[in-house]
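Containing mmCIF, C-alpha atoms: coords-v6.cif.
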data_run
loop_
_atom_site.label_atom_id
_atom_site.label_comp_id
_atom_site.auth_asym_id
_atom_site.auth_seq_id
_atom_site.Cartn_x
_atom_site.Cartn_y
_atom_site.Cartn_z
CA MET A 23 -10.73 97.84 75.03
CA ARG A 24 -7.73 95.50 75.13
CA PRO A 25 -7.93 92.38 77.32
CA THR A 26 -5.27 93.73 79.70
CA GLU A 27 -7.23 96.96 80.17
CA LEU A 28 -10.44 95.02 80.78
CA LEU A 29 -8.77 92.87 83.44
CA GLN A 30 -7.45 96.01 85.13
CA GLU A 31 -10.94 97.51 85.38
CA ILE A 32 -12.29 94.29 86.85
CA ARG A 33 -9.44 94.26 89.37
CA LYS A 34 -10.30 97.83 90.44
CA MET A 35 -13.96 96.95 90.97
CA ARG A 36 -13.05 93.89 93.04
CA PHE A 37 -10.67 95.98 95.17
CA GLU A 38 -13.30 98.62 95.93
CA GLU A 39 -15.77 95.94 97.00
CA THR A 40 -13.18 94.13 99.15
CA PHE A 41 -11.90 97.42 100.63
CA SER A 42 -15.45 98.37 101.67
CA ILE A 43 -16.00 95.04 103.44
CA TRP A 44 -12.59 95.27 105.14
CA THR A 45 -13.15 98.83 106.42
CA GLU A 46 -16.44 97.72 107.95
CA GLY A 47 -14.48 95.14 109.95
CA ARG A 48 -16.28 92.16 108.47
CA ILE A 49 -13.07 90.49 107.29
CA THR A 50 -9.44 90.58 108.33
CA GLN A 51 -6.57 91.97 106.27
CA GLU A 52 -5.36 88.47 105.45
CA GLU A 53 -8.84 87.44 104.26
CA ALA A 54 -9.13 90.56 102.12
CA ALA A 55 -5.74 89.84 100.50
CA ARG A 56 -6.81 86.26 99.85
CA MET A 57 -9.99 87.46 98.13
CA LEU A 58 -7.90 89.56 95.76
CA GLY A 59 -5.38 86.79 95.18
CA VAL A 60 -2.41 88.75 96.59
CA CYS A 61 -0.34 88.67 99.74
CA SER A 62 -1.03 90.90 102.77
CA ARG A 63 1.90 93.16 101.92
CA SER A 64 0.52 93.86 98.42
CA PHE A 65 -2.92 94.54 99.87
CA ARG A 66 -1.45 97.18 102.24
CA ARG A 67 0.28 98.80 99.24
CA TYR A 68 -3.01 98.90 97.35
CA VAL A 69 -4.68 100.55 100.37
CA ASP A 70 -1.97 103.23 100.61
CA ARG A 71 -2.19 104.04 96.91
CA TYR A 72 -5.99 104.08 97.05
CA LYS A 73 -6.04 106.49 99.98
CA GLU A 74 -3.48 108.77 98.30
CA ASN A 75 -4.77 108.89 94.66
CA GLY A 76 -8.16 107.21 94.70
CA ILE A 77 -9.05 104.39 92.36
CA ASP A 78 -6.68 105.75 89.67
CA GLY A 79 -3.81 104.97 92.02
CA LEU A 80 -4.30 101.29 91.24
CA THR A 81 -3.73 101.77 87.50
CA ASP A 82 -0.84 99.75 86.12
CA LYS A 83 1.44 102.37 84.58
CA ARG A 84 3.09 99.76 82.39
CA LEU A 85 -0.01 99.68 80.19
CA ALA A 86 0.59 103.25 79.12
CA GLN A 87 4.24 102.68 78.21
CA VAL A 88 5.33 102.00 74.67
CA SER A 89 7.09 98.65 74.27
CA ALA A 90 10.79 98.93 73.52
CA ARG A 91 10.35 96.08 71.03
CA LYS A 92 7.58 97.81 69.07
CA ALA A 93 8.57 98.35 65.45
CA PRO A 94 8.85 101.93 64.22
CA VAL A 95 5.99 103.18 62.08
CA ASP A 96 8.40 103.78 59.20
CA GLU A 97 9.39 100.10 59.17
CA VAL A 98 5.77 98.96 59.01
CA MET A 99 4.95 101.40 56.20
CA ALA A 100 8.05 100.35 54.25
CA LEU A 101 7.05 96.68 54.60
CA ALA A 102 3.57 97.36 53.26
CA GLU A 103 4.90 99.48 50.38
CA ARG A 104 7.39 96.79 49.45
CA TYR A 105 4.67 94.15 49.35
CA LYS A 106 2.30 96.27 47.24
CA SER A 107 4.97 97.32 44.76
CA ARG A 108 6.56 93.93 44.01
CA TYR A 109 4.74 91.03 45.69
CA GLU A 110 1.06 91.82 45.25
CA GLY A 111 -0.98 88.60 45.49
CA TRP A 112 1.69 86.56 47.29
CA THR A 113 0.75 84.68 50.42
CA ALA A 114 2.22 85.84 53.71
CA LYS A 115 4.28 82.65 53.98
CA HIS A 116 5.73 83.03 50.50
CA PHE A 117 6.47 86.72 51.01
CA HIS A 118 8.12 86.09 54.40
CA THR A 119 10.55 83.63 52.78
CA TRP A 120 11.80 86.31 50.41
CA TYR A 121 11.70 88.94 53.17
CA ARG A 122 14.12 86.86 55.29
CA ARG A 123 16.23 86.06 52.24
CA ASP A 124 16.72 89.80 51.69
CA GLY A 125 17.91 90.37 55.25
CA GLY A 126 14.66 90.85 57.17
CA SER A 127 14.74 89.82 60.83
CA ARG A 128 11.09 89.85 61.87
CA SER A 129 9.13 86.67 62.50
CA TYR A 130 6.54 85.24 60.13
CA THR A 131 3.72 86.05 62.57
CA TRP A 132 4.81 89.69 62.85
CA VAL A 133 5.03 90.10 59.07
CA LYS A 134 1.66 88.44 58.54
CA ASN A 135 -0.07 90.54 61.19
CA LYS A 136 1.37 93.81 59.86
CA LEU A 137 0.36 93.00 56.29
CA GLN A 138 -3.14 92.21 57.50
CA GLU A 139 -3.31 95.46 59.49
CA GLN A 140 -2.30 97.39 56.37
CA ASP A 141 -4.97 95.58 54.28
CA CYS A 142 -2.31 94.05 52.05
CA ILE A 143 -3.60 90.53 52.60
CA LYS A 144 -6.89 89.22 53.91
CA LYS A 145 -7.32 87.06 56.94
CA ALA A 146 -7.99 83.45 56.04
CA SER A 147 -11.44 82.14 56.85
CA LYS A 148 -11.66 79.96 59.91
CA ARG A 149 -11.38 76.27 59.18
CA GLY A 150 -14.29 74.05 60.01
CA ALA A 151 -13.98 72.83 63.58
CA HIS A 152 -15.41 69.42 62.63
CA ARG A 153 -12.45 68.53 60.40
CA LYS A 154 -9.43 66.76 61.81
CA ARG A 155 -6.33 65.67 59.93
CA ARG A 156 -6.17 61.90 59.71
CA ASP A 157 -3.40 60.27 61.71
CA ARG A 158 -0.60 58.66 59.73
CA ALA A 159 -0.19 54.90 59.53
CA PRO A 160 2.18 53.75 62.31
CA MET A 161 4.73 51.88 60.15
CA PRO A 162 6.00 52.00 56.57
CA GLY A 163 4.29 49.53 54.28
CA MET A 164 0.92 49.63 56.05
CA LEU A 165 -0.74 52.07 53.65
CA LEU A 166 0.46 53.43 50.30
CA HIS A 167 -1.04 56.29 48.30
CA GLN A 168 -0.99 56.49 44.52
CA ASP A 169 -2.26 59.33 42.40
CA GLY A 170 -1.56 61.18 39.16
CA SER A 171 -1.35 64.88 38.37
CA THR A 172 -1.87 66.36 34.91
CA HIS A 173 0.13 69.54 34.52
CA GLU A 174 2.21 71.52 32.04
CA TRP A 175 5.51 70.35 33.47
CA VAL A 176 7.49 71.71 30.51
CA PRO A 177 6.36 74.54 28.21
CA GLY A 178 3.69 73.42 25.76
CA LYS A 179 3.51 69.80 27.00
CA LYS A 180 1.09 68.31 29.50
CA TRP A 181 2.15 65.03 31.08
CA ASP A 182 0.82 62.95 33.96
CA LEU A 183 3.07 62.61 37.01
CA ILE A 184 2.45 59.26 38.77
CA VAL A 185 3.47 59.12 42.44
CA THR A 186 3.36 56.17 44.85
CA MET A 187 4.11 57.26 48.42
CA ASP A 188 3.99 55.87 51.96
CA ASP A 189 1.36 57.22 54.33
CA ALA A 190 3.51 56.69 57.44
CA THR A 191 6.52 58.71 56.30
CA SER A 192 5.50 60.54 53.08
CA GLU A 193 8.49 58.89 51.41
CA HIS A 194 8.05 58.63 47.64
CA TYR A 195 8.84 55.11 46.43
CA SER A 196 8.00 55.67 42.78
CA ILE A 197 7.65 58.78 40.63
CA PHE A 198 7.64 59.09 36.84
CA PHE A 199 6.00 60.85 33.90
CA VAL A 200 3.62 59.22 31.40
CA ASP A 201 1.49 60.58 28.58
CA GLU A 202 -1.71 59.50 30.29
CA GLU A 203 -2.50 57.89 33.64
CA GLY A 204 -4.04 54.43 33.41
CA THR A 205 -3.75 50.75 34.25
CA TYR A 206 -0.19 50.38 32.97
CA SER A 207 1.19 53.38 34.85
CA SER A 208 -0.50 52.30 38.08
CA LEU A 209 0.78 48.73 37.79
CA ALA A 210 4.28 50.01 36.97
CA GLY A 211 4.34 52.09 40.16
CA VAL A 212 3.24 49.14 42.30
CA ARG A 213 5.75 46.85 40.58
CA GLN A 214 8.64 49.18 41.42
CA VAL A 215 7.60 49.32 45.07
CA ILE A 216 7.29 45.54 45.42
CA LEU A 217 10.62 44.82 43.74
CA GLU A 218 12.50 47.41 45.85
CA HIS A 219 10.69 47.14 49.20
CA GLY A 220 8.32 44.16 49.18
CA LEU A 221 4.60 43.53 49.51
CA PHE A 222 2.56 46.11 51.44
CA CYS A 223 -0.75 45.90 53.29
CA SER A 224 -3.16 48.48 51.84
CA PHE A 225 -3.47 50.72 48.78
CA TYR A 226 -5.28 54.09 48.82
CA SER A 227 -6.41 55.81 45.63
CA ASP A 228 -9.12 57.89 44.03
CA ARG A 229 -12.02 56.30 42.13
CA GLY A 230 -10.38 56.45 38.71
CA SER A 231 -11.82 54.00 36.18
CA HIS A 232 -8.57 52.00 36.05
CA TYR A 233 -8.73 51.50 39.84
CA TRP A 234 -12.45 50.89 40.35
CA HIS A 235 -15.74 50.23 38.58
CA THR A 236 -18.27 52.82 39.79
CA PRO A 237 -21.81 51.83 38.68
CA GLN A 238 -23.27 55.27 39.42
CA ALA A 239 -21.33 58.48 38.80
CA GLY A 240 -20.24 59.92 42.14
CA GLY A 241 -21.46 56.82 43.97
CA LYS A 242 -19.77 54.00 45.78
CA VAL A 243 -17.29 51.73 44.03
CA ASP A 244 -18.08 48.12 43.14
CA LYS A 245 -15.71 46.02 45.24
CA LYS A 246 -16.83 42.74 43.62
CA ASN A 247 -16.48 43.66 39.94
CA LEU A 248 -12.74 44.27 39.85
CA THR A 249 -10.71 46.12 37.24
CA GLN A 250 -7.48 44.68 35.85
CA PHE A 251 -5.61 46.66 38.51
CA GLY A 252 -7.97 45.51 41.26
CA ARG A 253 -7.63 41.88 40.18
CA ALA A 254 -3.82 42.11 40.36
CA LEU A 255 -3.78 43.57 43.88
CA HIS A 256 -6.41 41.09 45.06
CA HIS A 257 -4.16 38.29 43.76
CA LEU A 258 -1.31 39.70 45.87
CA GLY A 259 -3.52 40.03 48.97
CA ILE A 260 -3.30 43.84 49.06
CA GLU A 261 -6.41 45.64 50.31
CA MET A 262 -7.68 48.51 48.16
CA ILE A 263 -9.30 51.56 49.76
CA ALA A 264 -11.21 54.16 47.73
CA ALA A 265 -11.13 57.88 48.54
CA TYR A 266 -14.41 59.74 48.05
CA SER A 267 -13.15 63.34 48.09
CA PRO A 268 -9.99 65.37 47.39
CA GLN A 269 -9.83 66.19 51.11
CA ALA A 270 -9.54 62.48 51.88
CA ARG A 271 -6.38 62.43 49.76
CA GLY A 272 -5.01 65.56 51.40
CA ARG A 273 -1.57 64.10 52.02
CA SER A 274 -0.95 63.27 48.35
CA GLU A 275 -2.69 66.47 47.19
CA ARG A 276 -0.30 68.57 49.25
CA ALA A 277 2.64 66.62 47.82
CA PHE A 278 1.49 67.35 44.26
CA HIS A 279 1.16 71.03 45.11
CA THR A 280 4.83 70.99 46.11
CA HIS A 281 5.82 69.10 42.95
CA GLN A 282 4.01 71.55 40.70
CA SER A 283 5.70 74.45 42.46
CA ARG A 284 9.23 73.03 42.47
CA LEU A 285 9.58 70.51 39.67
CA VAL A 286 8.51 72.88 36.89
CA LYS A 287 11.23 75.35 37.93
CA GLU A 288 13.90 72.65 38.22
CA LEU A 289 13.15 71.16 34.79
CA ALA A 290 13.31 74.64 33.27
CA LEU A 291 16.56 75.36 35.10
CA HIS A 292 18.19 72.30 33.51
CA ASP A 293 16.60 72.91 30.06
CA ILE A 294 14.78 69.55 30.16
CA THR A 295 12.01 69.30 27.56
CA THR A 296 11.66 65.56 26.78
CA MET A 297 9.91 62.94 28.88
CA GLU A 298 12.90 60.59 28.74
CA SER A 299 15.23 63.24 30.16
CA ALA A 300 12.64 64.32 32.72
CA ASN A 301 12.19 60.77 34.03
CA ARG A 302 15.94 60.33 34.27
CA TYR A 303 16.18 63.59 36.24
CA LEU A 304 13.39 62.42 38.57
CA GLN A 305 15.21 59.21 39.46
CA GLU A 306 18.76 60.54 39.68
CA VAL A 307 18.29 64.00 41.24
CA TYR A 308 14.79 65.04 42.23
CA LEU A 309 13.50 61.96 44.10
CA PRO A 310 16.52 61.54 46.45
CA ALA A 311 16.51 65.26 47.28
CA PHE A 312 12.74 65.35 47.83
CA ASN A 313 12.75 62.32 50.14
CA ALA A 314 15.70 63.72 52.12
CA GLU A 315 13.78 66.93 52.78
CA PHE A 316 10.19 65.76 53.25
CA THR A 317 10.32 62.20 54.63
CA GLN A 318 8.94 62.04 58.18
CA PRO A 319 9.95 59.50 60.83
CA ALA A 320 7.38 56.78 61.45
CA THR A 321 5.66 56.77 64.84
CA THR A 322 6.39 53.06 65.33
CA PRO A 323 9.75 51.38 64.63
CA GLY A 324 9.88 48.52 62.16
CA THR A 325 8.25 47.89 58.78
CA ALA A 326 5.14 46.20 57.45
CA PHE A 327 6.75 45.34 54.10
CA ILE A 328 7.12 41.63 53.34
CA PRO A 329 9.93 40.68 50.92
CA TRP A 330 8.75 39.39 47.54
CA ILE A 331 10.13 35.89 47.00
CA GLY A 332 8.19 34.83 43.91
CA ASN A 333 9.36 34.91 40.30
CA ASN A 334 6.07 35.51 38.48
CA LEU A 335 5.33 39.11 39.49
CA ASP A 336 5.05 40.25 35.86
CA ASP A 337 2.37 37.61 35.23
CA ILE A 338 0.33 39.09 38.08
CA LEU A 339 0.86 42.81 37.42
CA CYS A 340 -0.45 42.70 33.86
CA GLU A 341 -3.71 42.60 31.92
CA GLN A 342 -5.35 39.18 31.77
CA HIS A 343 -8.07 38.35 29.22
CA SER A 344 -9.95 35.09 28.72
CA ARG A 345 -10.24 33.82 25.12
CA THR A 346 -11.40 30.68 23.29
CA VAL A 347 -9.02 29.11 20.78
CA GLY A 348 -10.39 29.03 17.23
CA ARG A 349 -10.53 26.12 14.79
CA ASP A 350 -7.25 27.26 13.26
CA ASN A 351 -5.53 26.84 16.66
CA CYS A 352 -5.22 30.63 16.89
CA VAL A 353 -6.38 33.11 19.48
CA SER A 354 -7.81 36.41 18.28
CA PHE A 355 -6.80 39.29 20.55
CA GLU A 356 -7.69 42.87 19.59
CA GLY A 357 -7.34 42.10 15.90
CA LEU A 358 -4.10 40.12 16.25
CA PRO A 359 -4.09 36.38 15.37
CA LEU A 360 -1.91 34.62 17.94
CA GLN A 361 -0.84 31.23 16.61
CA ILE A 362 -0.28 28.59 19.30
CA PRO A 363 2.80 26.53 18.42
CA ALA A 364 2.96 22.76 18.71
CA ASN A 365 4.00 21.35 22.09
CA ASP A 366 4.27 18.04 23.93
CA TYR A 367 1.11 18.51 26.03
CA ARG A 368 -1.59 18.06 23.38
CA CYS A 369 -2.12 18.09 19.62
CA ASN A 370 -4.19 21.29 19.52
CA TYR A 371 -6.17 23.66 21.73
CA ILE A 372 -9.24 24.12 19.55
CA LYS A 373 -12.24 25.42 21.60
CA VAL A 374 -10.11 25.47 24.76
CA ARG A 375 -10.40 28.49 27.10
CA VAL A 376 -7.02 30.13 27.49
CA ARG A 377 -5.72 33.29 29.15
CA VAL A 378 -3.94 36.09 27.29
CA HIS A 379 -1.50 38.20 29.30
CA ARG A 380 -0.49 41.65 28.12
CA TYR A 381 2.58 42.87 30.00
CA LEU A 382 3.59 46.41 30.87
CA ASP A 383 5.94 46.60 27.87
CA GLY A 384 3.12 45.60 25.50
CA THR A 385 4.30 42.02 24.83
CA LEU A 386 1.79 39.16 25.01
CA ALA A 387 1.63 35.58 26.27
CA ILE A 388 -0.92 32.76 26.19
CA PHE A 389 -1.52 30.58 29.27
CA HIS A 390 -3.50 27.37 29.69
CA GLY A 391 -3.86 27.11 33.43
CA PRO A 392 -0.36 27.57 34.89
CA CYS A 393 1.39 26.61 31.63
CA LYS A 394 2.69 29.33 29.35
CA LEU A 395 2.07 28.16 25.77
CA ALA A 396 3.78 30.99 23.87
CA THR A 397 5.00 34.58 24.02
CA TYR A 398 4.52 37.27 21.39
CA ASP A 399 5.78 40.76 20.62
CA GLN A 400 3.51 43.80 20.44
CA GLN A 401 2.57 43.00 16.83
CA GLY A 402 1.55 39.40 17.68
CA GLU A 403 4.61 37.71 16.18
CA LEU A 404 5.63 34.54 17.97
CA GLN A 405 8.86 35.37 19.80
CA THR A 406 10.33 31.86 19.79
CA GLN A 407 10.07 31.73 15.99
CA ARG A 408 11.62 35.18 15.63
CA GLN A 409 14.51 34.18 17.89
CA ALA A 410 15.10 31.06 15.77
CA GLN A 411 15.14 33.17 12.60
CA ASN A 412 17.64 35.58 14.14
CA GLN A 413 19.92 32.70 15.05
#
Would you mind writing the file out in structure tokens?
Amino acid sequence: MRPTELLQEIRKMRFEETFSIWTEGRITQEEAARMLGVCSRSFRRYVDRYKENGIDGLTDKRLAQVSARKAPVDEVMALAERYKSRYEGWTAKHFHTWYRRDGGSRSYTWVKNKLQEQDCIKKASKRGAHRKRRDRAPMPGMLLHQDGSTHEWVPGKKWDLIVTMDDATSEHYSIFFVDEEGTYSSLAGVRQVILEHGLFCSFYSDRGSHYWHTPQAGGKVDKKNLTQFGRALHHLGIEMIAAYSPQARGRSERAFHTHQSRLVKELALHDITTMESANRYLQEVYLPAFNAEFTQPATTPGTAFIPWIGNNLDDILCEQHSRTVGRDNCVSFEGLPLQIPANDYRCNYIKVRVRVHRYLDGTLAIFHGPCKLATYDQQGELQTQRQAQNQ
């Protein structure tokens, strides 16, 4: 029985009870009408219809009428046949987009309900009532997400897409392809954000090994034993927050779902097959269009970004390794002998603890405290000497 029919039966029962009390003279006509929630005039009409046709006289005839807006059976059957013949397995939302594109005028809810009635699609299971979508950060710059997605973005090639986005607005500040996600790709994304927008407050990521040390698999992260990435953000005063489930990163996960659906088709449309061309397309075409469509307004005006005014950002967003200088005044770093040149500060640095920086482009430098002693290329050749030879 439909809810409207059930309410009608209840209304009939209440009328019979009220009518009996009223005929016995225990209540007035106005009191009887008030008990039924109608005016006195409506109550008199009910009484006349009841006396003339009995309890069936109170039946609402509108319930037996066919709605003028009800779709013809042929239209419903044609919709189901169309879905089964060409769009089997599509979601209702996806199918409705193409249905409207082909001239359909019905709403998404109508299409979904009719497909479910015809057993074309199944009803989705009810979501857990205990889950609630986390509120966005109030202002841009308060919380940034970063994550990577491995996917076959072009035929036969799997790359990692690295995205750094704002929690408050979903705006993507940095997006690029790399062969493999790691410390360098994560630092490069943060560097681009700081140079273009400034320092931000918090950083949200998964528990990847380049973000965190996790002593026990699946356990909590070690917030004291920092990775190279963690050391860099701690130096900048940026708080790191670890996510412990994919659901906790739902905002970035949904963004990657959109990228995998759209970006693959766009790269194929433009015949892009190399990473260099793909990254150029991301910056020049895809990122501006994506932000224009998906960026949400922040709930609070203003920004939490603080402009970067330093000049040593690259010496912070890099790998830093402590080494002891050998007796030959060289530093051994991953098999490369790095010769320290003569300078005005001291004769040699034998047995002195120094710091080796490896930058995002692979070049190296040796520091003693705040002083940079020398810079080297990726093969360990002293750059100052090479520049002198070129001159």
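Residues captured in this structure file are Leu166, His167, Gln168, Asp169, Gly170, Asp189, Ala190, Thr191, Ser192, Glu193, His194, Tyr195, Ser196, Ile197, Phe198, Phe199, Val200, Asp201, Glu202, Val286 and Thr295 of chain A, according to the PyMOL selection byres ((chain A and resi 171-188) around 6).
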Ala239 in chain A: which residues within 12 Å, counting all atoms listed in the file, same-chain residues fewer than 6 positions away excluded, as a PyMOL selection string? chain A and resi 229-231+266
So, counting all atoms listed in the file, which residue among A:Met161, A:Ala93, A:Val376, A:Ile362 is closest to Gln405 in chain A? A:Ile362
Shell of 12 Å around Leu258 in chain A, all atoms listed in the file, local chain residues under 3 positions omitted, as a PyMOL selection string: chain A and resi 212-213+216+220-225+251-255+261-262+328+330+332+334-339
Take the PyMOL selection byres ((chain A and resi 397-400) around 6), run it mentally on this structure, and tell me the resulting residues as a PyMOL selection string. chain A and resi 384-387+396+401-405
If you count all atoms listed in the file, which residues fall within 10 Å of range 126-135 of chain A, apart from same-chain ones fewer than 2 positions away, as a list in words?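 Here the qualifying residues turn out to be Ala93, Val98, Leu101, Ala102, Thr113, Ala114, Lys115, His116, Phe117, His118, Thr119, Trp120, Tyr121, Arg122, Arg123, Asp124, Leu137, Gln138, Glu139, Gln140, Asp141, Cys142, Ile143, Lys144 and Lys145 of chain A.
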Using Å and a single decimal, report how far CA of Thr280 in chain A sits from CA of Thr322 in chain A. 26.3 Å
For a test of reading the model, state the distance in Å between CA of Met164 in chain A and CA of Phe327 in chain A, rounded to one decimal. 7.5 Å
Which polymer residues have any atom within 8 Å of an atom of Arg345 in chain A, counting only C-alpha atoms, with same-chain residues fewer than 4 positions away left out, as an NGL selection string? :A and (353-355 or 375-378)
Which polymer residues, protein or nucleic acid, are no farther than 12 Å from (-4.9, 104.6, 99.4), counting all atoms listed in the file, as an mmCIF file with C-alpha atoms, keeping the file's coordinate frame?
data_model
loop_
_atom_site.group_PDB
_atom_site.id
_atom_site.type_symbol
_atom_site.label_atom_id
_atom_site.label_comp_id
_atom_site.auth_asym_id
_atom_site.auth_seq_id
_atom_site.Cartn_x
_atom_site.Cartn_y
_atom_site.Cartn_z
ATOM 1 C CA PHE A 37 -10.670 95.980 95.170
ATOM 2 C CA GLU A 38 -13.300 98.620 95.930
ATOM 3 C CA PHE A 41 -11.900 97.420 100.630
ATOM 4 C CA PHE A 65 -2.920 94.540 99.870
ATOM 5 C CA ARG A 66 -1.450 97.180 102.240
ATOM 6 C CA ARG A 67 0.280 98.800 99.240
ATOM 7 C CA TYR A 68 -3.010 98.900 97.350
ATOM 8 C CA VAL A 69 -4.680 100.550 100.370
ATOM 9 C CA ASP A 70 -1.970 103.230 100.610
ATOM 10 C CA ARG A 71 -2.190 104.040 96.910
ATOM 11 C CA TYR A 72 -5.990 104.080 97.050
ATOM 12 C CA LYS A 73 -6.040 106.490 99.980
ATOM 13 C CA GLU A 74 -3.480 108.770 98.300
ATOM 14 C CA ASN A 75 -4.770 108.890 94.660
ATOM 15 C CA GLY A 76 -8.160 107.210 94.700
ATOM 16 C CA ILE A 77 -9.050 104.390 92.360
ATOM 17 C CA ASP A 78 -6.680 105.750 89.670
ATOM 18 C CA GLY A 79 -3.810 104.970 92.020
ATOM 19 C CA LEU A 80 -4.300 101.290 91.240
#
For this file, the PyMOL selection byres ((chain A and resi 271) around 10) selects which residues, as a ChimeraX atom specification? /A:156,167-169,226-228,264-270,272-276
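Take CA of Asp366 in chain A and CA of Thr346 in chain A: the distance between them is 20.1 Å.
Considering only C-alpha atoms, the residue among A:Gln30, A:Ser64, A:Asn301, A:Asn333 positioned nearest to Leu285 in chain A is A:Asn301.
Remark: for Cys340 in chain A, the closest of the candidate residues A:Leu360, A:Ala54, A:Ala210, A:Cys393 is A:Ala210 (distances computed over all atoms listed in the file).
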